[in-house]
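Have a look at run.json; it's JSON, C-alpha atoms and all ligand atoms:
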```json
[["chain", "number", "residue", "atom", "x", "y", "z"],
["A", 1, "MET", "CA", 0.00, 0.00, 0.00],
["A", 2, "ASN", "CA", 1.15, 3.56, -0.68],
["A", 3, "THR", "CA", 2.20, 5.65, 2.31],
["A", 4, "VAL", "CA", 3.01, 9.30, 2.91],
["A", 5, "ARG", "CA", 6.59, 8.43, 1.97],
["A", 6, "THR", "CA", 5.52, 7.04, -1.42],
["A", 7, "PHE", "CA", 4.05, 10.39, -2.43],
["A", 8, "LYS", "CA", 7.15, 12.31, -1.42],
["A", 9, "LYS", "CA", 9.30, 9.92, -3.48],
["A", 10, "MET", "CA", 6.92, 10.33, -6.44],
["A", 11, "LYS", "CA", 7.40, 14.10, -6.32],
["A", 12, "GLU", "CA", 11.17, 13.67, -6.13],
["A", 13, "SER", "CA", 11.25, 11.27, -9.07],
["A", 14, "GLY", "CA", 8.79, 13.31, -11.15],
["A", 15, "GLU", "CA", 6.17, 10.54, -11.28],
["A", 16, "LYS", "CA", 2.70, 12.11, -11.42],
["A", 17, "ILE", "CA", 0.35, 11.27, -8.53],
["A", 18, "VAL", "CA", -3.20, 10.31, -9.46],
["A", 19, "MET", "CA", -5.99, 10.93, -6.98],
["A", 20, "LEU", "CA", -9.65, 10.15, -7.62],
["A", 21, "THR", "CA", -12.65, 10.45, -5.37],
["A", 22, "ALA", "CA", -14.72, 7.40, -4.40],
["A", 23, "TYR", "CA", -17.60, 7.24, -1.98],
["A", 24, "ASP", "CA", -18.81, 3.67, -1.67],
["A", 25, "TYR", "CA", -17.98, -0.01, -2.21],
["A", 26, "PRO", "CA", -18.37, -0.21, -6.02],
["A", 27, "SER", "CA", -16.65, 3.11, -6.82],
["A", 28, "ALA", "CA", -13.79, 2.18, -4.49],
["A", 29, "LYS", "CA", -13.46, -1.28, -6.08],
["A", 30, "PHE", "CA", -13.17, 0.16, -9.59],
["A", 31, "THR", "CA", -10.80, 2.88, -8.41],
["A", 32, "GLU", "CA", -8.45, 0.46, -6.66],
["A", 33, "ALA", "CA", -8.53, -1.92, -9.65],
["A", 34, "ALA", "CA", -7.35, 0.94, -11.91],
["A", 35, "GLY", "CA", -4.33, 1.50, -9.65],
["A", 36, "ILE", "CA", -5.24, 5.03, -8.52],
["A", 37, "ASP", "CA", -2.53, 6.28, -6.11],
["A", 38, "ILE", "CA", -4.81, 7.96, -3.54],
["A", 39, "ILE", "CA", -8.55, 7.65, -3.05],
["A", 40, "LEU", "CA", -10.23, 10.73, -1.64],
["A", 41, "VAL", "CA", -13.58, 10.29, 0.06],
["A", 42, "GLY", "CA", -14.44, 13.88, -0.79],
["A", 43, "ASP", "CA", -17.22, 15.91, 0.73],
["A", 44, "SER", "CA", -18.17, 16.44, -2.91],
["A", 45, "LEU", "CA", -20.34, 13.42, -2.12],
["A", 46, "GLY", "CA", -22.81, 15.99, -0.79],
["A", 47, "MET", "CA", -23.38, 17.07, -4.38],
["A", 48, "VAL", "CA", -22.76, 13.97, -6.50],
["A", 49, "VAL", "CA", -24.24, 11.33, -4.17],
["A", 50, "GLN", "CA", -26.59, 13.14, -1.79],
["A", 51, "GLY", "CA", -27.94, 15.70, -4.29],
["A", 52, "TYR", "CA", -27.28, 18.91, -2.34],
["A", 53, "HIS", "CA", -26.36, 22.15, -4.14],
["A", 54, "ASP", "CA", -23.06, 22.43, -2.27],
["A", 55, "THR", "CA", -20.92, 20.54, 0.23],
["A", 56, "LEU", "CA", -21.95, 22.48, 3.33],
["A", 57, "GLN", "CA", -24.61, 20.11, 4.64],
["A", 58, "VAL", "CA", -22.41, 17.03, 4.76],
["A", 59, "THR", "CA", -21.95, 15.76, 8.32],
["A", 60, "MET", "CA", -19.21, 13.82, 10.08],
["A", 61, "ASP", "CA", -21.54, 10.81, 10.30],
["A", 62, "ASP", "CA", -22.12, 10.97, 6.51],
["A", 63, "MET", "CA", -18.37, 11.07, 5.92],
["A", 64, "ILE", "CA", -17.66, 8.14, 8.25],
["A", 65, "TYR", "CA", -20.40, 6.04, 6.64],
["A", 66, "HIS", "CA", -18.93, 6.67, 3.17],
["A", 67, "THR", "CA", -15.32, 6.23, 4.27],
["A", 68, "ARG", "CA", -16.12, 2.82, 5.78],
["A", 69, "ALA", "CA", -17.86, 1.70, 2.59],
["A", 70, "THR", "CA", -14.94, 2.96, 0.51],
["A", 71, "ARG", "CA", -12.45, 1.07, 2.68],
["A", 72, "ARG", "CA", -14.42, -2.15, 2.18],
["A", 73, "GLY", "CA", -14.16, -1.68, -1.59],
["A", 74, "ALA", "CA", -10.49, -0.67, -1.58],
["A", 75, "PRO", "CA", -8.74, -2.63, 1.16],
["A", 76, "ASN", "CA", -5.27, -1.98, -0.28],
["A", 77, "SER", "CA", -5.49, 1.71, -1.16],
["A", 78, "PHE", "CA", -4.30, 4.84, 0.59],
["A", 79, "ILE", "CA", -7.57, 6.56, 1.51],
["A", 80, "ALA", "CA", -7.98, 10.16, 2.63],
["A", 81, "GLY", "CA", -11.18, 11.34, 4.28],
["A", 82, "ASP", "CA", -12.41, 14.88, 3.71],
["A", 83, "MET", "CA", -13.23, 16.72, 6.94],
["A", 84, "PRO", "CA", -16.67, 18.30, 6.40],
["A", 85, "PHE", "CA", -17.68, 21.90, 7.00],
["A", 86, "MET", "CA", -17.48, 22.88, 10.70],
["A", 87, "SER", "CA", -15.76, 19.66, 11.77],
["A", 88, "TYR", "CA", -12.41, 21.43, 12.31],
["A", 89, "HIS", "CA", -13.52, 25.00, 12.96],
["A", 90, "LEU", "CA", -14.78, 25.04, 16.55],
["A", 91, "ASN", "CA", -11.92, 24.00, 18.82],
["A", 92, "ILE", "CA", -8.82, 21.85, 18.81],
["A", 93, "ASP", "CA", -10.30, 18.95, 20.82],
["A", 94, "GLU", "CA", -13.26, 18.67, 18.48],
["A", 95, "THR", "CA", -10.90, 18.85, 15.48],
["A", 96, "LYS", "CA", -8.68, 16.06, 16.83],
["A", 97, "LYS", "CA", -11.68, 13.90, 17.74],
["A", 98, "ASN", "CA", -13.21, 14.27, 14.28],
["A", 99, "ALA", "CA", -9.92, 13.59, 12.49],
["A", 100, "ALA", "CA", -9.43, 10.47, 14.60],
["A", 101, "ARG", "CA", -12.91, 9.19, 13.70],
["A", 102, "PHE", "CA", -11.81, 8.98, 10.05],
["A", 103, "ILE", "CA", -8.91, 6.73, 11.04],
["A", 104, "VAL", "CA", -10.52, 4.63, 13.79],
["A", 105, "GLU", "CA", -14.10, 4.29, 12.50],
["A", 106, "GLY", "CA", -13.63, 4.93, 8.78],
["A", 107, "GLY", "CA", -10.36, 3.07, 8.21],
["A", 108, "ALA", "CA", -8.78, 6.06, 6.41],
["A", 109, "ASN", "CA", -5.04, 6.73, 6.27],
["A", 110, "ALA", "CA", -5.23, 10.53, 6.27],
["A", 111, "VAL", "CA", -7.62, 13.46, 6.39],
["A", 112, "LYS", "CA", -8.01, 16.59, 4.26],
["A", 113, "LEU", "CA", -9.13, 20.04, 5.33],
["A", 114, "GLU", "CA", -9.60, 23.34, 3.52],
["A", 115, "GLY", "CA", -7.92, 26.71, 3.99],
["A", 116, "GLY", "CA", -4.62, 28.25, 5.02],
["A", 117, "LYS", "CA", -5.43, 30.97, 7.53],
["A", 118, "PRO", "CA", -3.91, 30.84, 11.03],
["A", 119, "SER", "CA", -6.78, 28.87, 12.63],
["A", 120, "ARG", "CA", -6.46, 26.23, 9.87],
["A", 121, "LEU", "CA", -2.71, 25.99, 10.48],
["A", 122, "GLU", "CA", -3.49, 25.30, 14.15],
["A", 123, "ALA", "CA", -5.93, 22.57, 13.07],
["A", 124, "ILE", "CA", -3.29, 20.96, 10.82],
["A", 125, "LYS", "CA", -0.73, 21.03, 13.66],
["A", 126, "ALA", "CA", -3.21, 19.55, 16.15],
["A", 127, "ILE", "CA", -4.14, 16.68, 13.84],
["A", 128, "ARG", "CA", -0.46, 16.03, 13.05],
["A", 129, "ASP", "CA", 0.12, 15.97, 16.80],
["A", 130, "CYS", "CA", -2.19, 12.90, 16.87],
["A", 131, "GLU", "CA", 0.06, 11.27, 14.22],
["A", 132, "ILE", "CA", -2.65, 11.63, 11.58],
["A", 133, "PRO", "CA", -1.39, 12.70, 8.14],
["A", 134, "VAL", "CA", -3.08, 15.83, 6.79],
["A", 135, "ILE", "CA", -3.75, 16.99, 3.23],
["A", 136, "ALA", "CA", -4.24, 20.75, 2.91],
["A", 137, "HIS", "CA", -6.52, 22.30, 0.26],
["A", 138, "LEU", "CA", -6.10, 25.86, -1.05],
["A", 139, "GLY", "CA", -7.50, 28.04, -3.82],
["A", 140, "LEU", "CA", -11.16, 27.56, -4.67],
["A", 141, "THR", "CA", -12.18, 25.88, -1.42],
["A", 142, "PRO", "CA", -15.83, 24.81, -1.83],
["A", 143, "GLN", "CA", -16.59, 25.01, 1.91],
["A", 144, "SER", "CA", -15.96, 28.79, 1.65],
["A", 145, "ILE", "CA", -18.31, 29.49, -1.28],
["A", 146, "HIS", "CA", -20.37, 31.96, 0.70],
["A", 147, "SER", "CA", -17.38, 34.01, 1.81],
["A", 148, "LEU", "CA", -15.67, 33.68, -1.60],
["A", 149, "GLY", "CA", -18.91, 34.74, -3.34],
["A", 150, "GLY", "CA", -19.27, 31.56, -5.42],
["A", 151, "TYR", "CA", -17.06, 29.14, -7.33],
["A", 152, "ALA", "CA", -14.74, 31.76, -8.88],
["A", 153, "ILE", "CA", -11.14, 30.99, -9.84],
["A", 154, "GLN", "CA", -8.82, 32.18, -7.06],
["A", 155, "GLY", "CA", -5.37, 33.81, -7.17],
["A", 156, "LYS", "CA", -6.03, 35.96, -10.21],
["A", 157, "THR", "CA", -5.02, 39.27, -8.67],
["A", 158, "LYS", "CA", -1.43, 39.93, -7.61],
["A", 159, "SER", "CA", -2.38, 40.10, -3.92],
["A", 160, "ASP", "CA", -4.39, 36.83, -4.00],
["A", 161, "PHE", "CA", -1.60, 35.16, -6.02],
["A", 162, "ASP", "CA", 0.96, 36.15, -3.38],
["A", 163, "LEU", "CA", -1.34, 35.23, -0.48],
["A", 164, "LEU", "CA", -1.90, 31.73, -1.84],
["A", 165, "LYS", "CA", 1.85, 31.25, -2.29],
["A", 166, "GLU", "CA", 2.37, 32.27, 1.35],
["A", 167, "GLN", "CA", -0.42, 29.99, 2.56],
["A", 168, "ALA", "CA", 1.04, 27.06, 0.60],
["A", 169, "LEU", "CA", 4.34, 27.47, 2.43],
["A", 170, "ALA", "CA", 2.47, 27.86, 5.73],
["A", 171, "VAL", "CA", 0.46, 24.63, 5.38],
["A", 172, "GLN", "CA", 3.67, 22.77, 4.52],
["A", 173, "GLU", "CA", 5.33, 24.31, 7.58],
["A", 174, "ALA", "CA", 2.32, 23.31, 9.73],
["A", 175, "GLY", "CA", 2.87, 19.68, 8.74],
["A", 176, "ALA", "CA", 0.64, 18.90, 5.76],
["A", 177, "PHE", "CA", 2.12, 16.07, 3.66],
["A", 178, "LEU", "CA", 0.21, 16.94, 0.47],
["A", 179, "LEU", "CA", -1.53, 20.03, -0.90],
["A", 180, "VAL", "CA", -4.62, 20.06, -3.12],
["A", 181, "LEU", "CA", -4.76, 23.19, -5.30],
["A", 182, "GLU", "CA", -8.17, 23.90, -6.77],
["A", 183, "GLY", "CA", -9.32, 26.48, -9.31],
["A", 184, "ILE", "CA", -6.23, 28.65, -9.74],
["A", 185, "PRO", "CA", -4.23, 29.93, -12.73],
["A", 186, "GLU", "CA", -1.69, 27.48, -14.11],
["A", 187, "GLN", "CA", 1.22, 29.82, -13.36],
["A", 188, "LEU", "CA", 0.29, 29.89, -9.67],
["A", 189, "GLY", "CA", 0.04, 26.09, -9.58],
["A", 190, "LYS", "CA", 3.50, 25.93, -11.12],
["A", 191, "GLU", "CA", 5.09, 28.42, -8.75],
["A", 192, "ILE", "CA", 3.58, 26.82, -5.65],
["A", 193, "THR", "CA", 4.64, 23.34, -6.81],
["A", 194, "GLU", "CA", 8.21, 24.51, -7.38],
["A", 195, "SER", "CA", 8.37, 26.25, -4.01],
["A", 196, "LEU", "CA", 7.28, 23.25, -1.91],
["A", 197, "SER", "CA", 8.94, 20.01, -0.88],
["A", 198, "ILE", "CA", 5.53, 18.33, -0.37],
["A", 199, "PRO", "CA", 3.59, 17.21, -3.47],
["A", 200, "THR", "CA", 0.79, 19.29, -4.94],
["A", 201, "ILE", "CA", -2.31, 17.76, -6.51],
["A", 202, "GLY", "CA", -4.27, 20.00, -8.86],
["A", 203, "ILE", "CA", -7.89, 20.24, -9.88],
["A", 204, "GLY", "CA", -8.26, 23.07, -12.33],
["A", 205, "ALA", "CA", -4.73, 24.18, -11.41],
["A", 206, "GLY", "CA", -2.98, 23.50, -14.73],
["A", 207, "ARG", "CA", -0.36, 21.04, -15.90],
["A", 208, "TYR", "CA", 2.55, 21.60, -13.53],
["A", 209, "THR", "CA", 1.26, 20.28, -10.21],
["A", 210, "ASP", "CA", 2.77, 16.99, -8.96],
["A", 211, "GLY", "CA", -0.50, 15.18, -9.56],
["A", 212, "GLN", "CA", -4.13, 15.56, -10.55],
["A", 213, "VAL", "CA", -7.43, 14.84, -8.83],
["A", 214, "LEU", "CA", -10.90, 14.62, -10.32],
["A", 215, "VAL", "CA", -14.30, 13.59, -9.04],
["A", 216, "TYR", "CA", -15.47, 10.03, -9.86],
["A", 217, "HIS", "CA", -18.93, 11.05, -11.09],
["A", 218, "ASP", "CA", -17.43, 13.85, -13.21],
["A", 219, "ILE", "CA", -14.99, 11.68, -15.18],
["A", 220, "LEU", "CA", -17.73, 9.12, -15.79],
["A", 221, "GLY", "CA", -20.10, 11.75, -17.16],
["A", 222, "MET", "CA", -22.67, 11.51, -14.38],
["A", 223, "SER", "CA", -22.60, 15.14, -13.24],
["A", 224, "ASP", "CA", -24.82, 18.00, -14.31],
["A", 225, "ILE", "CA", -21.98, 20.44, -14.97],
["A", 226, "GLU", "CA", -18.80, 20.14, -17.01],
["A", 227, "PRO", "CA", -16.27, 22.77, -15.96],
["A", 228, "LYS", "CA", -13.43, 23.72, -18.32],
["A", 229, "PHE", "CA", -10.81, 21.74, -16.36],
["A", 230, "LEU", "CA", -12.72, 18.46, -16.59],
["A", 231, "LYS", "CA", -12.06, 15.60, -19.00],
["A", 232, "VAL", "CA", -14.99, 13.19, -19.28],
["A", 233, "TYR", "CA", -14.04, 9.55, -20.00],
["A", 234, "ALA", "CA", -17.48, 7.94, -20.21],
["A", 235, "ARG", "CA", -21.08, 9.04, -20.62],
["A", 236, "LEU", "CA", -22.85, 7.02, -17.94],
["A", 237, "SER", "CA", -25.63, 9.60, -17.69],
["A", 238, "GLU", "CA", -26.62, 8.37, -21.15],
["A", 239, "SER", "CA", -25.91, 4.63, -20.87],
["A", 240, "ILE", "CA", -27.44, 4.10, -17.39],
["A", 241, "PRO", "CA", -30.93, 5.48, -18.20],
["A", 242, "GLN", "CA", -30.81, 3.65, -21.55],
["A", 243, "SER", "CA", -30.15, 0.33, -19.77],
["A", 244, "ILE", "CA", -32.91, 0.95, -17.25],
["A", 245, "LYS", "CA", -35.33, 1.78, -20.07],
["A", 246, "GLU", "CA", -34.40, -1.46, -21.87],
["A", 247, "PHE", "CA", -35.17, -3.44, -18.69],
["A", 248, "TYR", "CA", -38.50, -1.62, -18.42],
["A", 249, "ASP", "CA", -39.38, -2.37, -22.04],
["A", 250, "ASP", "CA", -38.28, -6.02, -21.76],
["A", 251, "VAL", "CA", -40.56, -6.66, -18.78],
["A", 252, "LYS", "CA", -43.50, -4.79, -20.27],
["A", 253, "LYS", "CA", -43.16, -6.66, -23.57],
["A", 254, "GLY", "CA", -42.58, -10.09, -21.99],
["A", 255, "ARG", "CA", -38.99, -10.41, -23.25],
["A", 256, "PHE", "CA", -37.64, -10.72, -19.71],
["A", 257, "PRO", "CA", -37.25, -13.15, -18.06],
["A", 258, "ALA", "CA", -36.35, -15.36, -21.00],
["A", 259, "GLU", "CA", -35.62, -19.10, -21.05],
["A", 260, "GLU", "CA", -32.04, -18.62, -19.80],
["A", 261, "HIS", "CA", -33.17, -16.66, -16.70],
["A", 262, "ILE", "CA", -35.54, -19.19, -15.18],
["A", 263, "TYR", "CA", -34.99, -22.02, -12.68],
["A", 264, "LYS", "CA", -36.22, -25.53, -13.51],
["A", 265, "PRO", "CA", -36.99, -28.40, -11.18],
["A", 266, "ILE", "CA", -34.52, -31.31, -11.02],
["A", 267, "LYS", "CA", -35.96, -34.20, -13.07],
["A", 301, "LIG", "O1", -14.53, 16.98, -2.10],
["A", 301, "LIG", "C1", -13.77, 16.71, -3.06],
["A", 301, "LIG", "O2", -14.06, 15.84, -3.88],
["A", 301, "LIG", "C2", -12.54, 17.46, -3.16],
["A", 301, "LIG", "C3", -11.72, 17.28, -4.40],
["A", 301, "LIG", "C4", -12.39, 17.85, -5.57],
["A", 301, "LIG", "C5", -10.34, 17.79, -4.23],
["A", 301, "LIG", "O3", -12.23, 18.20, -2.30]]
```

Can I see the file as structure tokens?
Ligand code: KIV
Amino acid sequence: MNTVRTFKKMKESGEKIVMLTAYDYPSAKFTEAAGIDIILVGDSLGMVVQGYHDTLQVTMDDMIYHTRATRRGAPNSFIAGDMPFMSYHLNIDETKKNAARFIVEGGANAVKLEGGKPSRLEAIKAIRDCEIPVIAHLGLTPQSIHSLGGYAIQGKTKSDFDLLKEQALAVQEAGAFLLVLEGIPEQLGKEITESLSIPTIGIGAGRYTDGQVLVYHDILGMSDIEPKFLKVYARLSESIPQSIKEFYDDVKKGRFPAEEHIYKPIK
């Protein structure tokens, strides 16, 4: 199984790191079979699995439920659990307790949290103090959509560009072993990646990060939106309803079950 050391070595050797989200037993099984380097049980499940408009309503219990299911489907993968909104914001004890739940109850190897301001650095340090590896997440951080004013690309102005570079160094200094960079200009992704010793994983952050992450439902064409940064590898939103309709028609028209689907008594 990969470990935190594997990812550091991959950065050093220039091998790209591939992260994909998974949320349950089947998605985890397919993801592990494809050899994905890190599985992220992202709080994006709030949108792609639970049907909310954003990630803000996802709870710790939801995340633990999905992390456990993901672990059952991917027993040999490095799994990171995404700490949901308000699970690391209140106080250090609560933060440590919630991070530990991912490891103890969910079977994860690491946790991820969003942001790089001083209180987030304290959260990273506290979780690291419990020997739990932490992935930081900067740029377009979906848990901050209300304060950011939506899903806009971050780091476009000189001051935001410089702030994100500073925060990247700060999360590394606080003990994060990996940094997800979301929704930023390619040049910023490149400069941050070159300035850090920990690997960066981009989503809409250009070509020069140490790895890439995408959302399971997005690459399989099951999401409602297709942002510019996304590459879609299958169109399951077309083939799934088509298959269900064929089943419907088969039953209605008496084509299913056919001879080969029925049990016969022993003669
Ligand atoms: O929740 C998620 O899936 C994420 C990734 C998109 C990085 O945070």

message: So that I can check the surroundings of Pro75 of chain A, please list as a ChimeraX atom specification every protein, DNA and RNA residue that reaches within 10 Å of it, counting all atoms listed in the file and ignoring chain neighbours fewer than 3 positions away.
response: /A:1,28-29,32,70-72,78-79,107

- prompt: Looking at A:Ser77, A:Thr141, A:Asn98, A:Thr209, which one is nearest to ligand LIG 301 (chain A), with distances taken over only C-alpha atoms and all ligand atoms?
  reply: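 So, comparing all the options, the nearest one is A:Thr141.
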
message: Can you tell me which residues surround Ser27 of chain A at a distance of at most 12 Å, considering all atoms listed in the file, apart from same-chain residues fewer than 5 positions away, and format the answer as a list in words?
response: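 Answer for this query is Leu20, Thr21, Ala22, Glu32, Ala33, Ala34, Ile36, Ile39, Leu40, Val41, Leu45, Val49, His66, Thr67, Ala69, Thr70, Arg71, Arg72, Gly73, Ala74, Val215, Tyr216, His217 and Leu220 of chain A.
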
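Atom CA of Ala80 of chain A lies 28.9 Å from atom CA of Lys156 of chain A.
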
message: What's the separation between atom CA of Val18 of chain A and atom CA of Gly202 of chain A, in Å to one decimal place?
response: 9.8 Å

Output, as AutoDock Vina command-line options, the centre and edge lengths in Å (one decimal) of the axis-aligned box that contains all listed atoms of ligand LIG 301 (chain A) with 5 Å of margin on each side.
```
--center_x -12.4 --center_y 17.0 --center_z -3.8 --size_x 14.2 --size_y 12.4 --size_z 13.5
```

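Take the candidates A:Ser144, A:Ser237, A:Ser159, A:Thr95 and check each one against ligand LIG 301 (chain A) using only C-alpha atoms and all ligand atoms; the shortest distance goes to A:Ser144.
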
Atom CA of Lys158 of chain A to atom CA of Ser44 of chain A, straight-line distance in Å: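 According to the coordinates, atom CA of Ser44 of chain A and atom CA of Lys158 of chain A are separated by 29.2 Å.
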